[in-house]
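J.: Got a structure for you, structure37.txt, holding compact mmCIF, C-alpha atoms.
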```
# COMPACT_ATOMS: atom_id res chain seq x y z
CA MET A 1 22.19 13.54 16.86
CA SER A 2 20.60 10.16 16.11
CA LYS A 3 16.86 9.63 16.14
CA THR A 4 15.19 7.47 18.77
CA GLY A 5 11.94 5.59 18.71
CA THR A 6 10.42 8.25 20.90
CA ASP A 7 11.41 10.94 18.41
CA LEU A 8 9.58 9.09 15.65
CA ALA A 9 6.52 8.16 17.69
CA PRO A 10 4.27 11.06 16.57
CA ASP A 11 4.91 10.38 12.88
CA VAL A 12 4.52 6.64 13.37
CA PHE A 13 1.20 7.11 15.13
CA ARG A 14 -0.09 9.43 12.41
CA ALA A 15 1.06 7.08 9.64
CA VAL A 16 -0.61 4.04 11.20
CA GLY A 17 -3.74 5.97 12.11
CA GLU A 18 -4.12 7.55 8.69
CA SER A 19 -3.61 4.25 6.90
CA ILE A 20 -6.04 2.24 8.98
CA GLU A 21 -8.64 4.97 9.03
CA ASN A 22 -8.59 5.35 5.25
CA MET A 23 -8.49 1.63 4.52
CA ALA A 24 -10.76 0.20 7.22
CA PHE A 25 -12.56 3.23 8.66
CA MET A 26 -11.37 2.36 12.15
CA GLU A 27 -9.72 4.68 14.62
CA VAL A 28 -6.31 4.03 16.16
CA THR A 29 -5.49 5.32 19.64
CA HIS A 30 -2.28 5.37 21.67
CA GLY A 31 -1.35 2.25 23.61
CA THR A 32 1.42 0.85 25.73
CA GLU A 33 0.85 -2.89 25.64
CA ALA A 34 1.92 -5.36 23.01
CA PRO A 35 -0.75 -7.63 21.54
CA THR A 36 -1.34 -10.96 23.25
CA GLY A 37 -2.42 -14.34 21.94
CA GLU A 38 -1.83 -15.38 18.36
CA VAL A 39 -0.27 -12.47 16.50
CA SER A 40 -0.04 -12.33 12.73
CA TRP A 41 2.91 -10.32 11.56
CA ALA A 42 4.73 -9.23 8.48
CA SER A 43 7.87 -7.25 7.74
CA ILE A 44 9.08 -5.05 4.94
CA SER A 45 12.58 -3.93 4.11
CA ILE A 46 13.51 -0.31 3.71
CA ASP A 47 16.10 -0.29 0.98
CA ASP A 48 16.78 3.36 0.30
CA PRO A 49 17.85 5.97 1.43
CA ILE A 50 18.44 3.94 4.60
CA ARG A 51 18.60 0.22 5.28
CA ASP A 52 16.15 -0.96 7.91
CA ARG A 53 13.13 -3.23 8.37
CA LEU A 54 9.62 -2.53 9.63
CA TYR A 55 7.52 -5.13 11.41
CA LEU A 56 3.75 -5.00 11.93
CA GLY A 57 2.00 -7.32 14.36
CA ILE A 58 -1.78 -7.61 14.68
CA PRO A 59 -3.61 -10.17 16.84
CA LEU A 60 -5.54 -12.56 14.66
CA PRO A 61 -9.05 -11.58 15.88
CA LEU A 62 -8.31 -7.93 15.17
CA LEU A 63 -6.85 -8.78 11.78
CA ARG A 64 -10.03 -10.65 10.92
CA GLN A 65 -12.06 -7.63 11.96
CA LEU A 66 -9.90 -5.27 9.91
CA THR A 67 -10.03 -7.54 6.88
CA GLY A 68 -13.79 -7.90 7.12
CA SER A 69 -14.08 -4.14 7.18
CA VAL A 70 -11.74 -3.65 4.23
CA PHE A 71 -13.33 -6.33 2.08
CA GLY A 72 -16.87 -5.57 3.20
CA LEU A 73 -17.41 -9.21 4.15
CA ASP A 74 -18.53 -11.14 7.21
CA GLU A 75 -15.61 -12.66 9.05
CA ALA A 76 -16.89 -16.14 8.22
CA GLU A 77 -16.30 -15.43 4.54
CA LEU A 78 -12.67 -14.43 4.96
CA THR A 79 -9.89 -16.62 3.62
CA GLU A 80 -6.35 -16.96 4.85
CA GLN A 81 -5.15 -15.21 1.72
CA MET A 82 -7.37 -12.21 2.41
CA LEU A 83 -5.92 -11.92 5.92
CA ARG A 84 -2.37 -12.12 4.58
CA ASP A 85 -3.14 -9.60 1.85
CA THR A 86 -4.62 -7.13 4.32
CA LEU A 87 -1.65 -7.36 6.67
CA ALA A 88 0.84 -6.98 3.84
CA GLU A 89 -0.97 -4.13 2.18
CA LEU A 90 -1.45 -2.30 5.46
CA LEU A 91 2.27 -2.56 6.21
CA ASN A 92 3.16 -1.48 2.67
CA THR A 93 0.81 1.51 2.87
CA LEU A 94 1.77 2.74 6.31
CA GLY A 95 5.43 2.32 5.45
CA GLY A 96 4.95 4.67 2.53
CA VAL A 97 2.93 7.15 4.55
CA LEU A 98 5.57 7.09 7.30
CA PHE A 99 8.49 7.72 5.00
CA THR A 100 6.65 10.46 3.16
CA ARG A 101 6.26 12.13 6.53
CA ILE A 102 9.78 11.72 7.90
CA LEU A 103 11.86 12.30 4.79
CA PRO A 104 12.35 15.63 2.98
CA PRO A 105 10.09 15.85 -0.09
CA GLN A 106 12.97 15.73 -2.54
CA VAL A 107 14.33 12.46 -1.16
CA THR A 108 13.17 9.28 -2.88
CA TYR A 109 12.79 6.07 -0.93
CA GLN A 110 12.40 2.43 -1.79
CA LEU A 111 10.54 -0.24 0.15
CA GLY A 112 10.82 -3.97 -0.44
CA LEU A 113 7.95 -6.41 -0.79
CA PRO A 114 6.10 -7.40 2.40
CA GLU A 115 7.09 -10.78 3.83
CA HIS A 116 4.93 -12.77 6.20
CA GLY A 117 6.50 -13.78 9.47
CA THR A 118 6.31 -17.05 11.37
CA GLY A 119 6.66 -17.63 15.06
CA PRO A 120 6.38 -14.95 17.74
CA PHE A 121 6.62 -11.27 16.91
CA PRO A 122 10.35 -10.53 16.90
CA LYS A 123 10.28 -7.25 18.84
CA THR A 124 8.97 -6.17 22.27
CA PRO A 125 7.87 -2.82 23.70
CA ALA A 126 11.18 -2.75 25.51
CA ASP A 127 12.93 -2.24 22.19
CA ASP A 128 13.61 1.39 21.32
CA PHE A 129 12.01 1.37 17.89
CA CYS A 130 8.76 -0.22 18.94
CA TRP A 131 5.39 1.46 19.03
CA CYS A 132 2.20 0.05 20.54
CA MET A 133 -1.24 1.23 19.59
CA GLN A 134 -4.85 0.35 20.33
CA LEU A 135 -7.57 -0.45 17.86
CA GLU A 136 -11.05 -1.57 18.94
CA ASP A 137 -9.82 -2.59 22.41
CA ALA A 138 -7.01 -4.67 20.97
CA ALA A 139 -3.33 -3.87 20.72
CA LEU A 140 -1.24 -3.77 17.62
CA ILE A 141 2.47 -3.23 17.34
CA LEU A 142 4.81 -1.65 14.83
CA ALA A 143 8.55 -1.98 15.21
CA ALA A 144 11.78 -1.47 13.33
CA ASP A 145 15.31 -2.77 13.59
CA GLY A 146 16.21 0.88 14.00
CA ASN A 147 19.75 0.92 12.68
CA GLY A 148 18.70 2.90 9.62
CA LEU A 149 16.00 5.04 11.19
CA ALA A 150 18.42 6.17 13.88
CA THR A 151 20.53 7.85 11.22
CA LEU A 152 17.77 10.13 9.96
CA MET B 1 -17.90 -1.16 -22.49
CA LYS B 2 -14.78 0.45 -21.07
CA LYS B 3 -11.97 -1.84 -19.96
CA ILE B 4 -9.63 -1.24 -17.03
CA ILE B 5 -6.67 -3.32 -15.89
CA ILE B 6 -5.58 -3.08 -12.25
CA ALA B 7 -2.02 -4.29 -11.64
CA ASP B 8 -1.00 -4.89 -8.04
CA ASP B 9 0.52 -7.89 -6.29
CA SER B 10 -1.81 -7.32 -3.33
CA GLY B 11 -5.26 -8.83 -3.65
CA MET B 12 -6.49 -6.43 -1.05
CA ALA B 13 -5.18 -3.43 -2.95
CA ARG B 14 -6.80 -4.62 -6.18
CA MET B 15 -10.10 -5.14 -4.40
CA PHE B 16 -9.85 -1.74 -2.75
CA ILE B 17 -9.24 0.04 -6.03
CA ARG B 18 -12.06 -1.92 -7.67
CA ARG B 19 -14.43 -0.78 -4.93
CA CYS B 20 -13.32 2.82 -5.33
CA LEU B 21 -13.94 2.57 -9.08
CA GLN B 22 -17.42 1.19 -8.40
CA ILE B 23 -18.16 4.04 -6.03
CA ILE B 24 -17.23 6.67 -8.60
CA GLY B 25 -19.50 5.18 -11.23
CA LEU B 26 -17.25 2.75 -13.07
CA GLY B 27 -18.90 -0.37 -11.69
CA ASP B 28 -20.16 -1.44 -15.12
CA THR B 29 -16.68 -1.30 -16.57
CA ASP B 30 -14.87 -4.50 -17.49
CA ILE B 31 -12.27 -4.54 -14.72
CA ARG B 32 -9.49 -7.11 -14.99
CA GLU B 33 -6.80 -7.77 -12.44
CA ALA B 34 -3.14 -8.61 -12.82
CA THR B 35 -0.87 -9.70 -9.99
CA ASP B 36 2.32 -8.27 -11.47
CA GLY B 37 3.58 -6.04 -14.23
CA ARG B 38 4.35 -8.84 -16.63
CA GLU B 39 0.84 -10.24 -16.41
CA ALA B 40 -0.62 -6.75 -16.85
CA LEU B 41 1.49 -6.13 -19.94
CA GLU B 42 0.43 -9.42 -21.53
CA MET B 43 -3.20 -8.72 -20.77
CA ALA B 44 -2.93 -5.24 -22.27
CA LYS B 45 -1.23 -6.54 -25.42
CA ASP B 46 -3.86 -9.25 -25.91
CA ASP B 47 -6.83 -6.96 -25.37
CA PRO B 48 -5.90 -3.29 -24.96
CA PRO B 49 -7.81 -1.60 -22.14
CA ASN B 50 -8.94 2.01 -21.91
CA LEU B 51 -7.06 2.56 -18.67
CA LEU B 52 -4.25 0.84 -16.77
CA ILE B 53 -3.94 1.36 -13.03
CA THR B 54 -0.69 0.08 -11.61
CA ASP B 55 1.19 -0.20 -8.37
CA LEU B 56 4.91 0.51 -8.47
CA ASN B 57 6.32 -2.11 -6.16
CA MET B 58 5.53 -5.48 -7.76
CA PRO B 59 7.47 -8.62 -8.57
CA ASN B 60 8.04 -9.79 -12.15
CA LEU B 61 8.18 -6.32 -13.74
CA ASP B 62 7.57 -3.40 -11.44
CA GLY B 63 5.23 -0.53 -12.18
CA GLU B 64 7.86 1.83 -13.50
CA SER B 65 9.13 -0.79 -15.95
CA LEU B 66 5.55 -1.55 -16.95
CA LEU B 67 4.95 2.14 -17.64
CA LYS B 68 8.08 2.33 -19.79
CA ARG B 69 7.11 -0.78 -21.77
CA VAL B 70 3.59 0.53 -22.36
CA LYS B 71 4.77 3.95 -23.49
CA SER B 72 7.35 2.46 -25.82
CA SER B 73 4.85 0.07 -27.43
CA PRO B 74 3.32 1.28 -30.71
CA LYS B 75 0.14 -0.58 -29.79
CA LEU B 76 -0.16 0.70 -26.23
CA CYS B 77 1.63 4.05 -26.18
CA ASP B 78 -1.63 6.02 -25.98
CA LEU B 79 -2.97 3.94 -23.08
CA PRO B 80 -3.53 6.15 -20.02
CA VAL B 81 -1.55 4.77 -17.09
CA LEU B 82 -2.42 5.79 -13.54
CA VAL B 83 0.18 4.94 -10.92
CA ILE B 84 -0.96 4.21 -7.37
CA THR B 85 1.87 3.77 -4.94
CA SER B 86 2.80 3.64 -1.29
CA ALA B 87 6.31 4.92 -2.03
CA GLY B 88 6.17 8.31 -3.67
CA ASN B 89 7.51 11.79 -3.40
CA PRO B 90 7.35 14.88 -5.62
CA ALA B 91 10.60 14.09 -7.45
CA ARG B 92 9.56 10.56 -8.30
CA GLU B 93 6.06 11.64 -9.23
CA GLN B 94 7.44 14.18 -11.65
CA ALA B 95 9.71 11.55 -13.18
CA LEU B 96 6.79 9.17 -13.65
CA LYS B 97 4.70 11.87 -15.27
CA GLU B 98 7.57 12.69 -17.60
CA MET B 99 7.62 9.02 -18.55
CA GLY B 100 3.98 9.39 -19.50
CA ALA B 101 1.95 8.51 -16.42
CA LEU B 102 -1.49 10.08 -16.36
CA GLY B 103 -0.98 10.75 -12.69
CA VAL B 104 0.47 9.40 -9.46
CA LEU B 105 -1.70 8.76 -6.41
CA HIS B 106 -0.52 7.78 -2.95
CA LYS B 107 -1.99 4.85 -1.08
CA PRO B 108 -4.40 4.65 0.55
CA VAL B 109 -6.46 5.94 -2.38
CA SER B 110 -10.00 7.19 -1.99
CA PRO B 111 -12.89 7.59 -4.41
CA ALA B 112 -12.43 11.36 -4.24
CA MET B 113 -8.82 11.06 -5.37
CA LEU B 114 -9.84 8.89 -8.31
CA VAL B 115 -12.63 11.24 -9.36
CA GLU B 116 -10.21 14.14 -9.40
CA ILE B 117 -7.83 12.44 -11.78
CA LEU B 118 -10.25 10.30 -13.79
CA GLY B 119 -12.98 12.90 -14.25
CA ASP B 120 -12.63 13.05 -18.04
CA PHE B 121 -12.39 9.26 -18.28
CA ILE B 122 -15.60 8.85 -16.29
CA GLU B 123 -17.52 11.36 -18.37
CA SER B 124 -16.38 9.95 -21.67
```
Using structure tokens, write down the structure from this file.

T.:
Amino acid sequence: MSKTGTDLAPDVFRAVGESIENMAFMEVTHGTEAPTGEVSWASISIDDPIRDRLYLGIPLPLLRQLTGSVFGLDEAELTEQMLRDTLAELLNTLGGVLFTRILPPQVTYQLGLPEHGTGPFPKTPADDFCWCMQLEDAALILAADGNGLATL
Amino acid sequence: MKKIIIADDSGMARMFIRRCLQIIGLGDTDIREATDGREALEMAKDDPPNLLITDLNMPNLDGESLLKRVKSSPKLCDLPVLVITSAGNPAREQALKEMGALGVLHKPVSPAMLVEILGDFIES
């Protein structure tokens, strides 16, 4: 029986929550809405044992807040590179935490390098493999193409 | 003064590890940063550090290849190498340790995790 986005939701939520809490000391809660306004996003390929792609979208004000917390700096001191680094590293980290959770311990996995996205976030909450969460009264969104995850 | 090289293509990750090292009492250490494995290897060859902390997933020589090169180098083979990765599991961790890694930590790291594995390094 193939996995659905709903099946993976608990592990996704824990992976995102654990990563953000440990990196930025901020608490993630469940949400249903996609972020609005300007959304910074990045994606990372999953190369083994399945082929898929994860996408993480964070509204720019929230990303600035997260980055300030991670770097221990005022938001006015943040550079574009810091914001990009935070988004990429967060996606890289939560991807690893997620796959450690959903795969058997003896199975190795391989993630690609994070890539920054341009234009609107490519997924919507209507997509099966799409998970919305809340952080500090703002929404963030994690999604996957799903073709690989569905086979787990 | 002790020297540490942190190899990770993410500036945020390098900063995060640096802060964790400061918290556990290694703030006075000479900490240098490399953005990929090749740069880290060149830095280590030019001025061997006391510890190398490396990510696995990097461009231009990944962490596993860096570990192999270090352990096969007569000049660097005794260099402790700590791997910090987002993509690990017990089988891969064991393989990395058999290649000579001091240890393998999963991101996101914490000061407590570093203290546990670097206790002897800190005290020396």

J.: What are the residues of chain A lining chain B at 6 Å or less? Count all atoms listed in the file, and put the answer as a list in words.

T.: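 The complete set of qualifying residues is Asp85, Thr86, Thr93, Gly96, Pro105 and Gln106 of chain A.
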
J.: Between B:Gly103, B:Gly37, B:Pro48, B:Gly63, which is the closest to B:Glu116 once you count all atoms listed in the file?

T.: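 Smallest separation from B:Glu116 among the options: B:Gly103.
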
J.: Dump as JSON, numbers by chain all residues having an atom at most 9 Å from (18.4, -1.2, 5.2), computed in the file's coordinates with all atoms listed in the file.

T.: {"A": [45, 46, 47, 48, 49, 50, 51, 52, 53, 147, 148, 149]}

J.: Would you work out the distance separating atom CA of A:Glu77 from atom CA of A:Leu62, expressed in Å to one decimal?

T.: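 Interatomic distance, atom CA of A:Glu77 to atom CA of A:Leu62: 15.3 Å.
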
J.: Distance atom CA of A:Met133-atom CA of A:Ala42, one decimal place?

T.: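 These atoms are spaced 16.4 Å apart.
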
J.: How far is it from atom CA of B:Val115 to atom CA of A:Thr108, in Å with one decimal?

T.: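 Interatomic distance here is 26.7 Å.
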
J.: Quick one: residues within 7 Å of stretch 64-80 of chain B, only C-alpha atoms counted, chain neighbours fewer than 2 positions away excluded, as a list of chain:residue names?

T.: B:Gly37, B:Leu41, B:Asn50, B:Leu51, B:Leu52, B:Leu56, B:Leu61, B:Asp62, B:Leu82, B:Met99, B:Gly100, B:Ala101, B:Leu102
